[in-house]
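Notes follow once the structure below has been shown.
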Amino acid sequence: MKTLINGLHHVTAIAGKPQSNVDFYAGILGLRFLKKTVNFDAPDVYHLYYGDETGSPGSIMTFFPFGQIQRGRRGNGQMSYTAFSVPEGSLGFWTERLKTFNIIASKPQNRFQEEFIRFDDHDGLGIELVATGNDERPAWVSGSIPEQHAIRGFYTVALQENSSDRTIDLLAHQMQHRFVAQHGDIMRFEAGLGGAGNYVDIIGNPEEKRGLQGAGTVHHIAFGTDTDETLLATREVLLEKGFEVTPLIDRQYFHSIYYREPGGILFEVATNPPGFTADETQEALGSALKLPSWYESKREMIEQRLEPLAVRAW
Ligand code: ZN
């Protein structure tokens with residue numbers, strides 16, 4: 001069977017103040033600030049992208065920072081945690097580094113025979129760092145973070161569900177994921193080449209209340225596909241199973257379809273091309289406000305409504 005789904009592409013979450021979002025992900029976690037653009041459906045709100053040097057699929061974390069908005073509530077029908085991958089032996093470094101920014105991480109914990117720490121971003125979004133010796137992806141090196149401890153990209157994401165059976169069925173059958181292992185009430189799946197950046201964890205938690213969207217919650221999770229052809233083939237497979245899927249949408253840096261998985265989480269499938277150098281050179285990524293062509297005529301007005309952002313490396 002042709003490969004349709006490669007693994008994770010990006011995760012998009014809702015944030016509060018844009019500057020504290022930049023400070024957390026670029027400044028403290030040391031991800032590359034990849035792209036400064038606007039929410040294509042609401043251009044008075046930024047859309048900020050972070051990731052590795054080029055914005056490789058599986059490394060891209062994006063935010064809609066709405067400013068003063070209410071925090072969401074964690075619960076079912078939402079992502080529970082977003083985990084990034086760091087080299088083995090790095091958790092001590094990160095625990096100390098986070099402490100200097102007044103972020104208190106959990107003690108190292110174990111899951112699937114891997115060590116990880118957990119903490120919240122400035123808006124309460126659950127972030128983990130998983131230490132692994134099996135991730136060959138290059139790191140983006142920033143500020144005072146040494147290369148041997150820097151983040152490599154995503155490790156896994158966790159979907160928290162009231163009842164996980166139909167989500168598992170979707171992942172396993174329409175979305176080409178393979179079962180990897182079970183740890184307590186967490187089932188791990190992987191797609192494509194598997195391993196770090198290609199995992200999805202599903203937590204079945206019927207006791208928990210439903211989550212509410214707001215700052216500090218994930219808006220959607222996107223899976224990567226190679227081309228428009230594989231994107232449309234995925235769409236056909238989903239339609240055949242009865243999912244309501246959008247038509248192909250041009251997101252400037254990728255083409256996308258969207259649908260809701262049975263537990264209520266918004267899923268996207270996004271093409272790997274054209275990528276973030278579609279409108280900026282690789283060296284210049286993130287340095288200028290980028291607008292899609294249909295907003296260029298309103299640039300002045302849009303810029304006036306957005307607060308200026310500083311990207312700081314610590
Ligand atoms: Zn997206």
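As shown in the structure tokens, the chain order sets the letters A, B, ...; within each chain, residues go from 1, and ligands are also counted from 1 in the order they appear.
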
* Asked: What residues have any atom no more than 12 Å from ligand 1 when counting only C-alpha atoms and all ligand atoms, and can you list them as a ChimeraX atom specification?
  -> /A:8-14,39-40,47-49,57,60-64,218-224,249-259,266-271

Output N, CA and C atoms for every residue in the selection just made, as a compact mmCIF listing (two decimals), in the first residue's frame.
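Listed below is the output, selection.txt:
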```txt
# COMPACT_ATOMS: atom_id res chain seq x y z
N LEU A 8 4.09 12.84 12.46
CA LEU A 8 3.63 14.17 12.86
C LEU A 8 4.14 15.22 11.88
N HIS A 9 3.35 16.25 11.66
CA HIS A 9 3.79 17.39 10.86
C HIS A 9 3.92 18.61 11.77
N HIS A 10 2.81 19.08 12.33
CA HIS A 10 2.89 20.17 13.29
C HIS A 10 1.79 20.06 14.34
N VAL A 11 1.97 20.83 15.42
CA VAL A 11 0.95 20.95 16.46
C VAL A 11 0.66 22.44 16.59
N THR A 12 -0.62 22.80 16.60
CA THR A 12 -0.99 24.21 16.74
C THR A 12 -1.80 24.39 18.02
N ALA A 13 -1.36 25.35 18.84
CA ALA A 13 -2.01 25.57 20.13
C ALA A 13 -2.42 27.03 20.27
N ILE A 14 -3.22 27.28 21.30
CA ILE A 14 -3.72 28.62 21.57
C ILE A 14 -2.92 29.20 22.74
N ASN A 39 -2.99 34.69 11.55
CA ASN A 39 -4.05 33.70 11.41
C ASN A 39 -4.81 34.04 10.11
N PHE A 40 -4.78 33.14 9.14
CA PHE A 40 -5.36 33.47 7.84
C PHE A 40 -6.86 33.72 7.92
N HIS A 47 0.14 34.31 13.75
CA HIS A 47 0.35 32.86 13.74
C HIS A 47 1.87 32.69 13.78
N LEU A 48 2.36 32.16 14.89
CA LEU A 48 3.81 32.04 15.11
C LEU A 48 4.24 30.59 14.98
N TYR A 49 5.36 30.37 14.27
CA TYR A 49 5.85 29.01 14.03
C TYR A 49 7.26 28.85 14.62
N PRO A 57 8.98 18.81 8.96
CA PRO A 57 7.79 18.17 9.54
C PRO A 57 8.20 17.32 10.74
N ILE A 60 7.55 21.07 14.08
CA ILE A 60 6.91 22.39 13.98
C ILE A 60 5.81 22.58 15.02
N MET A 61 6.03 23.54 15.91
CA MET A 61 5.03 23.91 16.91
C MET A 61 4.53 25.30 16.55
N THR A 62 3.23 25.49 16.47
CA THR A 62 2.70 26.79 16.05
C THR A 62 1.65 27.28 17.05
N PHE A 63 1.47 28.59 17.09
CA PHE A 63 0.54 29.18 18.06
C PHE A 63 -0.29 30.30 17.45
N PHE A 64 -1.52 30.39 17.92
CA PHE A 64 -2.35 31.58 17.75
C PHE A 64 -2.34 32.29 19.10
N VAL A 218 -4.35 22.75 22.99
CA VAL A 218 -3.99 22.53 21.59
C VAL A 218 -5.21 22.75 20.71
N HIS A 219 -5.03 23.44 19.62
CA HIS A 219 -6.12 23.71 18.68
C HIS A 219 -6.28 22.55 17.71
N HIS A 220 -5.19 22.07 17.17
CA HIS A 220 -5.26 20.89 16.29
C HIS A 220 -3.89 20.26 16.15
N ILE A 221 -3.89 19.05 15.63
CA ILE A 221 -2.64 18.34 15.39
C ILE A 221 -2.63 17.93 13.93
N ALA A 222 -1.47 18.11 13.28
CA ALA A 222 -1.36 17.84 11.85
C ALA A 222 -0.37 16.69 11.59
N PHE A 223 -0.76 15.84 10.67
CA PHE A 223 0.07 14.71 10.24
C PHE A 223 0.61 15.02 8.84
N GLY A 224 1.82 14.56 8.56
CA GLY A 224 2.45 14.89 7.29
C GLY A 224 2.12 13.90 6.18
N ILE A 249 -6.99 22.97 1.36
CA ILE A 249 -6.85 24.40 1.67
C ILE A 249 -5.37 24.78 1.56
N ASP A 250 -5.11 25.93 0.91
CA ASP A 250 -3.73 26.40 0.73
C ASP A 250 -3.31 27.18 1.98
N ARG A 251 -2.37 26.65 2.73
CA ARG A 251 -1.87 27.30 3.94
C ARG A 251 -0.50 27.95 3.72
N GLN A 252 -0.20 28.24 2.49
CA GLN A 252 1.02 28.96 2.09
C GLN A 252 2.27 28.09 2.21
N TYR A 253 2.49 27.46 3.36
CA TYR A 253 3.68 26.65 3.59
C TYR A 253 3.40 25.16 3.44
N PHE A 254 2.13 24.83 3.31
CA PHE A 254 1.68 23.45 3.06
C PHE A 254 0.23 23.51 2.60
N HIS A 255 -0.23 22.40 2.04
CA HIS A 255 -1.64 22.27 1.68
C HIS A 255 -2.28 21.31 2.67
N SER A 256 -3.50 21.59 3.04
CA SER A 256 -4.08 20.87 4.18
C SER A 256 -5.51 20.43 3.96
N ILE A 257 -5.90 19.38 4.67
CA ILE A 257 -7.31 19.03 4.87
C ILE A 257 -7.53 18.91 6.38
N TYR A 258 -8.76 19.12 6.80
CA TYR A 258 -9.10 19.07 8.23
C TYR A 258 -10.32 18.19 8.44
N TYR A 259 -10.36 17.52 9.58
CA TYR A 259 -11.52 16.72 9.98
C TYR A 259 -11.43 16.49 11.48
N LEU A 266 -9.47 18.13 16.62
CA LEU A 266 -9.34 18.51 15.22
C LEU A 266 -8.03 17.96 14.66
N PHE A 267 -8.13 17.19 13.60
CA PHE A 267 -6.97 16.64 12.90
C PHE A 267 -6.79 17.37 11.58
N GLU A 268 -5.54 17.47 11.17
CA GLU A 268 -5.20 18.05 9.87
C GLU A 268 -4.21 17.09 9.22
N VAL A 269 -4.26 16.99 7.91
CA VAL A 269 -3.17 16.34 7.18
C VAL A 269 -2.57 17.41 6.29
N ALA A 270 -1.25 17.57 6.33
CA ALA A 270 -0.57 18.68 5.64
C ALA A 270 0.55 18.13 4.77
N THR A 271 0.73 18.72 3.60
CA THR A 271 1.82 18.28 2.72
C THR A 271 3.16 18.78 3.25
```

* Counting only C-alpha atoms, what is within 6 Å of segment 16-20 of chain A, bar same-chain residues fewer than 3 positions away, as a list in words? -> Asp23, Pro65, Phe66, Gly67, Gln68, Ala215 and Leu309 of chain A

Quick one: write out the picked residues with N, CA, C and O atoms as a tab-separated table (two decimals), in the first residue's frame?
```
chain	number	residue	atom	x	y	z
A	23	ASP	N	9.06	34.25	23.96
A	23	ASP	CA	10.08	34.08	25.00
A	23	ASP	C	10.18	32.63	25.46
A	23	ASP	O	11.27	32.12	25.71
A	65	PRO	N	-1.54	33.35	19.28
A	65	PRO	CA	-1.54	34.06	20.56
A	65	PRO	C	-2.60	35.15	20.54
A	65	PRO	O	-2.43	36.20	19.93
A	66	PHE	N	-3.70	34.90	21.23
A	66	PHE	CA	-4.85	35.80	21.17
A	66	PHE	C	-4.75	36.98	22.12
A	66	PHE	O	-5.67	37.79	22.19
A	67	GLY	N	-3.68	37.05	22.92
A	67	GLY	CA	-3.57	38.16	23.88
A	67	GLY	C	-4.32	37.81	25.15
A	67	GLY	O	-4.10	36.75	25.73
A	68	GLN	N	-5.24	38.71	25.55
A	68	GLN	CA	-5.99	38.47	26.79
A	68	GLN	C	-7.15	37.53	26.52
A	68	GLN	O	-8.24	37.97	26.19
A	215	ALA	N	-6.65	29.52	26.08
A	215	ALA	CA	-5.18	29.60	26.14
A	215	ALA	C	-4.63	28.38	26.86
A	215	ALA	O	-5.21	27.91	27.83
A	309	LEU	N	7.29	42.24	18.08
A	309	LEU	CA	7.83	41.10	18.84
A	309	LEU	C	9.35	41.10	18.79
A	309	LEU	O	9.94	41.39	17.75
```

* To do: Find the spatial neighbours of Ile202 of chain A, counting only C-alpha atoms, within a cut-off of 6 Å - ignore same-chain residues fewer than 5 positions away - and output them as JSON, numbers by chain.
  => {"A": [158, 159, 186, 187]}

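Shortest separation to Trp314 of chain A among A:Val245, A:Val22, A:Val45, A:Ala181 occurs at residue A:Val22, atoms counted being only C-alpha atoms.
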
* To do: Just the residues within 10 Å of segment 85-90 of chain A, please, counting only C-alpha atoms, with nothing from its chain fewer than 5 positions along; format it as a PyMOL selection string.
  => chain A and resi 59+95+114-116+128-137+139+147-156+196-197

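Residues surrounding Gly204 of chain A within 12 Å are Gly75, Asn76, Gly77, Gln78, Met79, Ser80, Ala158, Leu159, Gln160, Glu161, Asn162, Ser163, Ser164, Asp165, Arg166, Thr167, Ile168, Gln182, His183, Gly184, Asp185, Ile186, Met187, Arg188 and Gly263 of chain A [only C-alpha atoms; sequence separation below 5 positions excluded].
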
Taking N, CA, C and O atoms for each residue, export the selection above as an mmCIF file, in the first residue's frame.
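Final output, again.cif:
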```
data_model
loop_
_atom_site.group_PDB
_atom_site.id
_atom_site.type_symbol
_atom_site.label_atom_id
_atom_site.label_comp_id
_atom_site.auth_asym_id
_atom_site.auth_seq_id
_atom_site.Cartn_x
_atom_site.Cartn_y
_atom_site.Cartn_z
ATOM 1 N N GLY A 75 -8.679 18.189 29.520
ATOM 2 C CA GLY A 75 -9.675 17.139 29.698
ATOM 3 C C GLY A 75 -9.791 16.302 28.450
ATOM 4 O O GLY A 75 -8.943 16.360 27.558
ATOM 5 N N ASN A 76 -10.856 15.516 28.387
ATOM 6 C CA ASN A 76 -11.031 14.621 27.240
ATOM 7 C C ASN A 76 -11.356 15.407 25.978
ATOM 8 O O ASN A 76 -11.872 16.513 26.025
ATOM 9 N N GLY A 77 -11.050 14.809 24.845
ATOM 10 C CA GLY A 77 -11.281 15.469 23.568
ATOM 11 C C GLY A 77 -10.233 16.529 23.307
ATOM 12 O O GLY A 77 -10.448 17.481 22.562
ATOM 13 N N GLN A 78 -9.074 16.376 23.955
ATOM 14 C CA GLN A 78 -7.975 17.332 23.807
ATOM 15 C C GLN A 78 -6.657 16.594 23.861
ATOM 16 O O GLN A 78 -6.592 15.461 24.312
ATOM 17 N N MET A 79 -5.605 17.316 23.492
ATOM 18 C CA MET A 79 -4.283 16.734 23.674
ATOM 19 C C MET A 79 -3.889 16.891 25.128
ATOM 20 O O MET A 79 -4.117 17.930 25.732
ATOM 21 N N SER A 80 -3.277 15.859 25.659
ATOM 22 C CA SER A 80 -2.866 15.894 27.052
ATOM 23 C C SER A 80 -1.473 16.493 27.199
ATOM 24 O O SER A 80 -1.238 17.321 28.059
ATOM 25 N N ALA A 158 0.013 13.313 22.863
ATOM 26 C CA ALA A 158 -0.950 12.428 23.517
ATOM 27 C C ALA A 158 -2.366 12.954 23.356
ATOM 28 O O ALA A 158 -2.645 14.106 23.675
ATOM 29 N N LEU A 159 -3.226 12.093 22.845
ATOM 30 C CA LEU A 159 -4.637 12.425 22.700
ATOM 31 C C LEU A 159 -5.368 11.830 23.893
ATOM 32 O O LEU A 159 -5.206 10.646 24.195
ATOM 33 N N GLN A 160 -6.140 12.653 24.576
ATOM 34 C CA GLN A 160 -6.880 12.149 25.732
ATOM 35 C C GLN A 160 -8.349 11.997 25.354
ATOM 36 O O GLN A 160 -8.975 12.948 24.898
ATOM 37 N N GLU A 161 -8.882 10.793 25.527
ATOM 38 C CA GLU A 161 -10.214 10.491 25.003
ATOM 39 C C GLU A 161 -11.097 9.863 26.059
ATOM 40 O O GLU A 161 -10.643 9.109 26.908
ATOM 41 N N ASN A 162 -12.385 10.165 25.951
ATOM 42 C CA ASN A 162 -13.382 9.524 26.778
ATOM 43 C C ASN A 162 -13.436 8.029 26.458
ATOM 44 O O ASN A 162 -13.397 7.170 27.324
ATOM 45 N N SER A 163 -13.489 7.753 25.164
ATOM 46 C CA SER A 163 -13.472 6.364 24.714
ATOM 47 C C SER A 163 -12.566 6.329 23.502
ATOM 48 O O SER A 163 -12.787 7.049 22.536
ATOM 49 N N SER A 164 -11.508 5.532 23.566
ATOM 50 C CA SER A 164 -10.474 5.651 22.539
ATOM 51 C C SER A 164 -10.634 4.685 21.363
ATOM 52 O O SER A 164 -9.908 4.780 20.390
ATOM 53 N N ASP A 165 -11.614 3.766 21.435
ATOM 54 C CA ASP A 165 -11.706 2.705 20.418
ATOM 55 C C ASP A 165 -11.814 3.244 18.987
ATOM 56 O O ASP A 165 -11.123 2.783 18.088
ATOM 57 N N ARG A 166 -12.695 4.219 18.794
ATOM 58 C CA ARG A 166 -12.910 4.682 17.409
ATOM 59 C C ARG A 166 -11.735 5.536 16.922
ATOM 60 O O ARG A 166 -11.432 5.565 15.739
ATOM 61 N N THR A 167 -11.054 6.214 17.852
ATOM 62 C CA THR A 167 -9.853 6.972 17.468
ATOM 63 C C THR A 167 -8.747 6.003 17.052
ATOM 64 O O THR A 167 -8.043 6.234 16.061
ATOM 65 N N ILE A 168 -8.609 4.925 17.816
ATOM 66 C CA ILE A 168 -7.603 3.919 17.476
ATOM 67 C C ILE A 168 -7.917 3.302 16.115
ATOM 68 O O ILE A 168 -7.033 3.103 15.278
ATOM 69 N N GLN A 182 1.871 -0.676 24.966
ATOM 70 C CA GLN A 182 0.918 -0.129 25.923
ATOM 71 C C GLN A 182 1.615 0.083 27.253
ATOM 72 O O GLN A 182 2.419 -0.741 27.682
ATOM 73 N N HIS A 183 1.311 1.209 27.899
ATOM 74 C CA HIS A 183 1.855 1.496 29.236
ATOM 75 C C HIS A 183 0.683 1.991 30.074
ATOM 76 O O HIS A 183 0.222 3.119 29.879
ATOM 77 N N GLY A 184 0.188 1.167 30.985
ATOM 78 C CA GLY A 184 -1.003 1.541 31.758
ATOM 79 C C GLY A 184 -2.160 1.807 30.816
ATOM 80 O O GLY A 184 -2.489 0.972 29.976
ATOM 81 N N ASP A 185 -2.762 2.994 30.931
ATOM 82 C CA ASP A 185 -3.897 3.296 30.041
ATOM 83 C C ASP A 185 -3.454 4.071 28.792
ATOM 84 O O ASP A 185 -4.272 4.666 28.101
ATOM 85 N N ILE A 186 -2.152 4.055 28.495
ATOM 86 C CA ILE A 186 -1.642 4.757 27.302
ATOM 87 C C ILE A 186 -1.279 3.744 26.217
ATOM 88 O O ILE A 186 -0.503 2.810 26.455
ATOM 89 N N MET A 187 -1.847 3.924 25.041
ATOM 90 C CA MET A 187 -1.486 3.086 23.886
ATOM 91 C C MET A 187 -0.644 3.941 22.946
ATOM 92 O O MET A 187 -1.039 5.058 22.606
ATOM 93 N N ARG A 188 0.489 3.417 22.513
ATOM 94 C CA ARG A 188 1.363 4.176 21.609
ATOM 95 C C ARG A 188 1.297 3.598 20.195
ATOM 96 O O ARG A 188 1.364 2.389 20.005
ATOM 97 N N GLY A 263 -13.151 11.367 18.855
ATOM 98 C CA GLY A 263 -13.140 11.909 20.224
ATOM 99 C C GLY A 263 -13.285 13.416 20.267
ATOM 100 O O GLY A 263 -13.356 14.003 21.336
#
```

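You can rank A:Leu289, A:Leu170, A:Ala83, A:Met301 by their closest distance to Leu239 of chain A using only C-alpha atoms, and at the top of that list sits A:Leu170.
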
* Exercise: segment 208-214 of chain A partners within 6 Å, only C-alpha atoms, chain neighbours under 4 positions left out, as a PyMOL selection string -> chain A and resi 70-76

* To do: Choose the residue, out of A:Gly55, A:Pro43, A:Gly92, A:Ile69, that has the smallest atom-to-atom separation from Glu296 of chain A; count only C-alpha atoms.
  => A:Pro43
